[in-house]
$ cat upload_23.pdb   # PDB, N, CA and C atoms
ATOM      1  N   MET A   1       0.854  -1.165   0.000
ATOM      2  CA  MET A   1       0.000   0.000   0.000
ATOM      3  C   MET A   1       0.906   1.236   0.000
ATOM      4  N   SER A   2       0.560   2.176  -0.848
ATOM      5  CA  SER A   2       1.369   3.392  -0.953
ATOM      6  C   SER A   2       1.094   4.334   0.223
ATOM      7  N   ALA A   3       1.961   5.308   0.366
ATOM      8  CA  ALA A   3       1.807   6.277   1.459
ATOM      9  C   ALA A   3       0.533   7.100   1.279
ATOM     10  N   PHE A   4       0.216   7.430   0.023
ATOM     11  CA  PHE A   4      -0.996   8.218  -0.225
ATOM     12  C   PHE A   4      -2.247   7.424   0.147
ATOM     13  N   GLN A   5      -2.242   6.118  -0.126
ATOM     14  CA  GLN A   5      -3.379   5.289   0.264
ATOM     15  C   GLN A   5      -3.523   5.258   1.788
ATOM     16  N   SER A   6      -2.408   5.187   2.493
ATOM     17  CA  SER A   6      -2.455   5.189   3.952
ATOM     18  C   SER A   6      -3.045   6.493   4.475
ATOM     19  N   VAL A   7      -2.686   7.600   3.850
ATOM     20  CA  VAL A   7      -3.236   8.896   4.245
ATOM     21  C   VAL A   7      -4.743   8.918   3.993
ATOM     22  N   LEU A   8      -5.180   8.416   2.853
ATOM     23  CA  LEU A   8      -6.610   8.414   2.541
ATOM     24  C   LEU A   8      -7.399   7.543   3.518
ATOM     25  N   ILE A   9      -6.854   6.384   3.872
ATOM     26  CA  ILE A   9      -7.536   5.520   4.822
ATOM     27  C   ILE A   9      -7.587   6.178   6.196
ATOM     28  N   THR A  10      -6.509   6.854   6.577
ATOM     29  CA  THR A  10      -6.495   7.571   7.849
ATOM     30  C   THR A  10      -7.540   8.689   7.857
ATOM     31  N   VAL A  11      -7.661   9.402   6.746
ATOM     32  CA  VAL A  11      -8.673  10.462   6.634
ATOM     33  C   VAL A  11     -10.073   9.881   6.775
ATOM     34  N   SER A  12     -10.325   8.736   6.162
ATOM     35  CA  SER A  12     -11.655   8.141   6.254
ATOM     36  C   SER A  12     -11.952   7.679   7.675
ATOM     37  N   ILE A  13     -10.956   7.149   8.381
ATOM     38  CA  ILE A  13     -11.175   6.726   9.767
ATOM     39  C   ILE A  13     -11.446   7.934  10.655
ATOM     40  N   ILE A  14     -10.691   9.010  10.464
ATOM     41  CA  ILE A  14     -10.916  10.228  11.247
ATOM     42  C   ILE A  14     -12.301  10.796  10.968
ATOM     43  N   ALA A  15     -12.734  10.779   9.711
ATOM     44  CA  ALA A  15     -14.066  11.287   9.360
ATOM     45  C   ALA A  15     -15.159  10.458  10.025
ATOM     46  N   LEU A  16     -14.984   9.149  10.085
ATOM     47  CA  LEU A  16     -15.983   8.303  10.735
ATOM     48  C   LEU A  16     -16.015   8.546  12.249
ATOM     49  N   ILE A  17     -14.841   8.772  12.849
ATOM     50  CA  ILE A  17     -14.802   9.079  14.280
ATOM     51  C   ILE A  17     -15.504  10.403  14.566
ATOM     52  N   ILE A  18     -15.257  11.408  13.724
ATOM     53  CA  ILE A  18     -15.928  12.701  13.904
ATOM     54  C   ILE A  18     -17.433  12.551  13.730
ATOM     55  N   MET A  19     -17.861  11.694  12.791
ATOM     56  CA  MET A  19     -19.287  11.473  12.582
ATOM     57  C   MET A  19     -19.924  10.872  13.835
ATOM     58  N   VAL A  20     -19.254   9.925  14.468
ATOM     59  CA  VAL A  20     -19.782   9.331  15.701
ATOM     60  C   VAL A  20     -19.849  10.377  16.806
ATOM     61  N   LEU A  21     -18.816  11.221  16.895
ATOM     62  CA  LEU A  21     -18.828  12.275  17.908
ATOM     63  C   LEU A  21     -19.958  13.273  17.661
ATOM     64  N   LEU A  22     -20.243  13.559  16.395
ATOM     65  CA  LEU A  22     -21.361  14.454  16.088
ATOM     66  C   LEU A  22     -22.696  13.843  16.496
ATOM     67  N   ILE A  23     -22.837  12.548  16.269
ATOM     68  CA  ILE A  23     -24.084  11.882  16.669
ATOM     69  C   ILE A  23     -24.221  11.917  18.195
ATOM     70  N   LEU A  24     -23.103  11.698  18.895
ATOM     71  CA  LEU A  24     -23.145  11.827  20.352
ATOM     72  C   LEU A  24     -23.429  13.266  20.773
ATOM     73  N   GLY A  25     -23.101  14.212  19.904
ATOM     74  CA  GLY A  25     -23.339  15.619  20.190
ATOM     75  C   GLY A  25     -24.803  15.969  20.336
ATOM     76  N   LEU A  26     -25.688  15.127  19.807
ATOM     77  CA  LEU A  26     -27.120  15.367  20.009
ATOM     78  C   LEU A  26     -27.456  15.377  21.497
ATOM     79  N   SER A  27     -26.846  14.487  22.261
ATOM     80  CA  SER A  27     -27.112  14.448  23.699
ATOM     81  C   SER A  27     -26.385  15.577  24.424
ATOM     82  N   TRP A  28     -25.414  16.205  23.775
ATOM     83  CA  TRP A  28     -24.677  17.308  24.387
ATOM     84  C   TRP A  28     -25.310  18.659  24.066
ATOM     85  N   GLY A  29     -26.360  18.669  23.270
ATOM     86  CA  GLY A  29     -27.075  19.901  22.999
ATOM     87  C   GLY A  29     -26.808  20.521  21.640
ATOM     88  N   ILE A  30     -26.075  19.835  20.774
ATOM     89  CA  ILE A  30     -25.857  20.355  19.422
ATOM     90  C   ILE A  30     -27.160  20.190  18.636
ATOM     91  N   SER A  31     -27.479  21.167  17.810
ATOM     92  CA  SER A  31     -28.747  21.119  17.076
ATOM     93  C   SER A  31     -28.755  19.961  16.073
ATOM     94  N   PHE A  32     -29.958  19.465  15.810
ATOM     95  CA  PHE A  32     -30.097  18.330  14.895
ATOM     96  C   PHE A  32     -29.616  18.686  13.492
ATOM     97  N   GLN A  33     -29.885  19.910  13.065
ATOM     98  CA  GLN A  33     -29.475  20.321  11.727
ATOM     99  C   GLN A  33     -27.954  20.299  11.593
ATOM    100  N   ALA A  34     -27.238  20.769  12.601
ATOM    101  CA  ALA A  34     -25.778  20.751  12.568
ATOM    102  C   ALA A  34     -25.254  19.323  12.565
ATOM    103  N   VAL A  35     -25.879  18.462  13.351
ATOM    104  CA  VAL A  35     -25.457  17.060  13.392
ATOM    105  C   VAL A  35     -25.723  16.380  12.063
ATOM    106  N   ALA A  36     -26.868  16.658  11.454
ATOM    107  CA  ALA A  36     -27.207  16.030  10.170
ATOM    108  C   ALA A  36     -26.249  16.475   9.076
ATOM    109  N   VAL A  37     -26.002  17.773   8.984
ATOM    110  CA  VAL A  37     -25.102  18.280   7.948
ATOM    111  C   VAL A  37     -23.683  17.768   8.173
ATOM    112  N   GLY A  38     -23.213  17.817   9.406
ATOM    113  CA  GLY A  38     -21.875  17.327   9.713
ATOM    114  C   GLY A  38     -21.737  15.841   9.490
ATOM    115  N   GLY A  39     -22.745  15.082   9.864
ATOM    116  CA  GLY A  39     -22.706  13.635   9.662
ATOM    117  C   GLY A  39     -22.673  13.252   8.196
ATOM    118  N   VAL A  40     -23.503  13.900   7.402
ATOM    119  CA  VAL A  40     -23.520  13.615   5.966
ATOM    120  C   VAL A  40     -22.195  14.017   5.323
ATOM    121  N   THR A  41     -21.639  15.141   5.728
ATOM    122  CA  THR A  41     -20.358  15.591   5.188
ATOM    123  C   THR A  41     -19.240  14.622   5.546
ATOM    124  N   CYS A  42     -19.179  14.205   6.799
ATOM    125  CA  CYS A  42     -18.148  13.251   7.214
ATOM    126  C   CYS A  42     -18.311  11.919   6.496
ATOM    127  N   PHE A  43     -19.551  11.476   6.328
ATOM    128  CA  PHE A  43     -19.783  10.218   5.623
ATOM    129  C   PHE A  43     -19.335  10.324   4.172
ATOM    130  N   ALA A  44     -19.628  11.441   3.526
ATOM    131  CA  ALA A  44     -19.217  11.625   2.128
ATOM    132  C   ALA A  44     -17.693  11.657   2.008
ATOM    133  N   ILE A  45     -17.019  12.305   2.943
ATOM    134  CA  ILE A  45     -15.560  12.342   2.923
ATOM    135  C   ILE A  45     -14.994  10.945   3.124
ATOM    136  N   ALA A  46     -15.564  10.188   4.060
ATOM    137  CA  ALA A  46     -15.077   8.837   4.325
ATOM    138  C   ALA A  46     -15.270   7.930   3.114
ATOM    139  N   ILE A  47     -16.430   7.997   2.492
ATOM    140  CA  ILE A  47     -16.703   7.146   1.330
ATOM    141  C   ILE A  47     -15.803   7.534   0.157
ATOM    142  N   SER A  48     -15.676   8.828  -0.118
ATOM    143  CA  SER A  48     -14.872   9.246  -1.268
ATOM    144  C   SER A  48     -13.396   8.921  -1.074
ATOM    145  N   SER A  49     -12.859   9.112   0.116
ATOM    146  CA  SER A  49     -11.449   8.799   0.324
ATOM    147  C   SER A  49     -11.201   7.297   0.255
ATOM    148  N   THR A  50     -12.147   6.499   0.722
ATOM    149  CA  THR A  50     -12.007   5.047   0.626
ATOM    150  C   THR A  50     -12.068   4.590  -0.828
ATOM    151  N   VAL A  51     -12.976   5.149  -1.603
ATOM    152  CA  VAL A  51     -13.091   4.776  -3.023
ATOM    153  C   VAL A  51     -11.838   5.188  -3.791
ATOM    154  N   ILE A  52     -11.303   6.372  -3.496
ATOM    155  CA  ILE A  52     -10.078   6.817  -4.173
ATOM    156  C   ILE A  52      -8.920   5.888  -3.831
ATOM    157  N   ALA A  53      -8.788   5.520  -2.542
ATOM    158  CA  ALA A  53      -7.717   4.592  -2.144
ATOM    159  C   ALA A  53      -7.887   3.245  -2.822
ATOM    160  N   LEU A  54      -9.118   2.773  -2.945
ATOM    161  CA  LEU A  54      -9.384   1.506  -3.621
ATOM    162  C   LEU A  54      -9.026   1.582  -5.098
ATOM    163  N   CYS A  55      -9.388   2.678  -5.748
ATOM    164  CA  CYS A  55      -9.064   2.842  -7.173
ATOM    165  C   CYS A  55      -7.550   2.891  -7.398
ATOM    166  N   ILE A  56      -6.839   3.571  -6.509
ATOM    167  CA  ILE A  56      -5.378   3.617  -6.636
ATOM    168  C   ILE A  56      -4.801   2.216  -6.502
ATOM    169  N   GLY A  57      -5.330   1.425  -5.583
ATOM    170  CA  GLY A  57      -4.864   0.052  -5.419
ATOM    171  C   GLY A  57      -5.150  -0.813  -6.626
ATOM    172  N   VAL A  58      -6.334  -0.679  -7.199
ATOM    173  CA  VAL A  58      -6.699  -1.477  -8.375
ATOM    174  C   VAL A  58      -5.840  -1.090  -9.575
ATOM    175  N   VAL A  59      -5.618   0.205  -9.764
ATOM    176  CA  VAL A  59      -4.764   0.660 -10.862
ATOM    177  C   VAL A  59      -3.347   0.130 -10.659
ATOM    178  N   GLY A  60      -2.883   0.122  -9.414
ATOM    179  CA  GLY A  60      -1.554  -0.395  -9.122
ATOM    180  C   GLY A  60      -1.418  -1.875  -9.423
ATOM    181  N   ILE A  61      -2.486  -2.633  -9.170
ATOM    182  CA  ILE A  61      -2.442  -4.080  -9.461
ATOM    183  C   ILE A  61      -2.390  -4.323 -10.961
ATOM    184  N   PHE A  62      -3.215  -3.605 -11.729
ATOM    185  CA  PHE A  62      -3.279  -3.848 -13.166
ATOM    186  C   PHE A  62      -2.119  -3.232 -13.932
ATOM    187  N   SER A  63      -1.398  -2.290 -13.329
ATOM    188  CA  SER A  63      -0.271  -1.674 -14.053
ATOM    189  C   SER A  63       1.028  -2.439 -13.858
ATOM    190  N   ARG A  64       1.029  -3.433 -13.001
ATOM    191  CA  ARG A  64       2.251  -4.257 -12.814
ATOM    192  C   ARG A  64       2.454  -5.152 -14.011
ATOM    193  N   ASP A  65       3.702  -5.370 -14.320
ATOM    194  CA  ASP A  65       4.017  -6.250 -15.468
ATOM    195  C   ASP A  65       4.299  -7.656 -15.036
TER
END

$ encode --input "upload_23.pdb" --output "C-alpha cells"
Amino acid sequence: MSAFQSVLITVSIIALIIMVLLILGLSWGISFQAVAVGGVTCFAIAISSTVIALCIGVVGIFSRD
C-alpha cells in the first residue's frame, strides 16, 4: 500500500470518528441540523477517500508487469 493510500484511509477513519462524535453531540445539545449536515459531510468524505484509495490500489495491481 502506498503512502498516499495510507493517508486516505487515515482520513476516512478520522471522518468516521468525527461522525460518531457528532451523533453523540445530540445528547450534548448540538442542534439536529448541525449534526445532520456534519454527519452527511463526514460520511461523504469517508466514502470518497475510501473509493479513491481503492481505485489507486486497483490501478496499481493492473499496471504491474

$ closest_residue --input "upload_23.pdb" --among "A:Ser6, A:Val11, A:Phe62, A:Phe32" --to "Ser48 in chain A" --atoms "only C-alpha atoms"
A:Val11

$ closest_residue --input "upload_23.pdb" --among "A:Trp28, A:Ser49, A:Ser63, A:Val40" --to "Thr10 in chain A" --atoms "all atoms listed in the file"
A:Ser49

$ resolve_selection --input "upload_23.pdb" --expression "the PyMOL selection byres (((chain A and resi 16 and name CA) around 10) and name CA)" --output "PDB file with N, CA and C atoms, in the frame of the given file"
ATOM      1  N   THR A  10      -6.509   6.854   6.577  1.00  0.00           N
ATOM      2  CA  THR A  10      -6.495   7.571   7.849  1.00  0.00           C
ATOM      3  C   THR A  10      -7.540   8.689   7.857  1.00  0.00           C
ATOM      4  N   VAL A  11      -7.661   9.402   6.746  1.00  0.00           N
ATOM      5  CA  VAL A  11      -8.673  10.462   6.634  1.00  0.00           C
ATOM      6  C   VAL A  11     -10.073   9.881   6.775  1.00  0.00           C
ATOM      7  N   SER A  12     -10.325   8.736   6.162  1.00  0.00           N
ATOM      8  CA  SER A  12     -11.655   8.141   6.254  1.00  0.00           C
ATOM      9  C   SER A  12     -11.952   7.679   7.675  1.00  0.00           C
ATOM     10  N   ILE A  13     -10.956   7.149   8.381  1.00  0.00           N
ATOM     11  CA  ILE A  13     -11.175   6.726   9.767  1.00  0.00           C
ATOM     12  C   ILE A  13     -11.446   7.934  10.655  1.00  0.00           C
ATOM     13  N   ILE A  14     -10.691   9.010  10.464  1.00  0.00           N
ATOM     14  CA  ILE A  14     -10.916  10.228  11.247  1.00  0.00           C
ATOM     15  C   ILE A  14     -12.301  10.796  10.968  1.00  0.00           C
ATOM     16  N   ALA A  15     -12.734  10.779   9.711  1.00  0.00           N
ATOM     17  CA  ALA A  15     -14.066  11.287   9.360  1.00  0.00           C
ATOM     18  C   ALA A  15     -15.159  10.458  10.025  1.00  0.00           C
ATOM     19  N   ILE A  17     -14.841   8.772  12.849  1.00  0.00           N
ATOM     20  CA  ILE A  17     -14.802   9.079  14.280  1.00  0.00           C
ATOM     21  C   ILE A  17     -15.504  10.403  14.566  1.00  0.00           C
ATOM     22  N   ILE A  18     -15.257  11.408  13.724  1.00  0.00           N
ATOM     23  CA  ILE A  18     -15.928  12.701  13.904  1.00  0.00           C
ATOM     24  C   ILE A  18     -17.433  12.551  13.730  1.00  0.00           C
ATOM     25  N   MET A  19     -17.861  11.694  12.791  1.00  0.00           N
ATOM     26  CA  MET A  19     -19.287  11.473  12.582  1.00  0.00           C
ATOM     27  C   MET A  19     -19.924  10.872  13.835  1.00  0.00           C
ATOM     28  N   VAL A  20     -19.254   9.925  14.468  1.00  0.00           N
ATOM     29  CA  VAL A  20     -19.782   9.331  15.701  1.00  0.00           C
ATOM     30  C   VAL A  20     -19.849  10.377  16.806  1.00  0.00           C
ATOM     31  N   LEU A  21     -18.816  11.221  16.895  1.00  0.00           N
ATOM     32  CA  LEU A  21     -18.828  12.275  17.908  1.00  0.00           C
ATOM     33  C   LEU A  21     -19.958  13.273  17.661  1.00  0.00           C
ATOM     34  N   LEU A  22     -20.243  13.559  16.395  1.00  0.00           N
ATOM     35  CA  LEU A  22     -21.361  14.454  16.088  1.00  0.00           C
ATOM     36  C   LEU A  22     -22.696  13.843  16.496  1.00  0.00           C
ATOM     37  N   GLY A  39     -22.745  15.082   9.864  1.00  0.00           N
ATOM     38  CA  GLY A  39     -22.706  13.635   9.662  1.00  0.00           C
ATOM     39  C   GLY A  39     -22.673  13.252   8.196  1.00  0.00           C
ATOM     40  N   CYS A  42     -19.179  14.205   6.799  1.00  0.00           N
ATOM     41  CA  CYS A  42     -18.148  13.251   7.214  1.00  0.00           C
ATOM     42  C   CYS A  42     -18.311  11.919   6.496  1.00  0.00           C
ATOM     43  N   PHE A  43     -19.551  11.476   6.328  1.00  0.00           N
ATOM     44  CA  PHE A  43     -19.783  10.218   5.623  1.00  0.00           C
ATOM     45  C   PHE A  43     -19.335  10.324   4.172  1.00  0.00           C
ATOM     46  N   ALA A  44     -19.628  11.441   3.526  1.00  0.00           N
ATOM     47  CA  ALA A  44     -19.217  11.625   2.128  1.00  0.00           C
ATOM     48  C   ALA A  44     -17.693  11.657   2.008  1.00  0.00           C
ATOM     49  N   ILE A  45     -17.019  12.305   2.943  1.00  0.00           N
ATOM     50  CA  ILE A  45     -15.560  12.342   2.923  1.00  0.00           C
ATOM     51  C   ILE A  45     -14.994  10.945   3.124  1.00  0.00           C
ATOM     52  N   ALA A  46     -15.564  10.188   4.060  1.00  0.00           N
ATOM     53  CA  ALA A  46     -15.077   8.837   4.325  1.00  0.00           C
ATOM     54  C   ALA A  46     -15.270   7.930   3.114  1.00  0.00           C
ATOM     55  N   ILE A  47     -16.430   7.997   2.492  1.00  0.00           N
ATOM     56  CA  ILE A  47     -16.703   7.146   1.330  1.00  0.00           C
ATOM     57  C   ILE A  47     -15.803   7.534   0.157  1.00  0.00           C
TER      58      ILE A  47
END

$ closest_residue --input "upload_23.pdb" --among "A:Ser2, A:Cys55, A:Val35, A:Arg64" --to "Ile23 in chain A" --atoms "all atoms listed in the file"
A:Val35

$ atom_distance --input "upload_23.pdb" --atom1 "atom C of Val37 in chain A" --atom2 "CA of Thr50 in chain A"
18.8 Å

$ axis_aligned_box --input "upload_23.pdb" --around "range 29-40 of chain A" --padding-each-side "6 Å" --output "JSON"
{"center_x": -25.9, "center_y": 17.2, "center_z": 14.3, "size_x": 20.4, "size_y": 19.9, "size_z": 29.9}
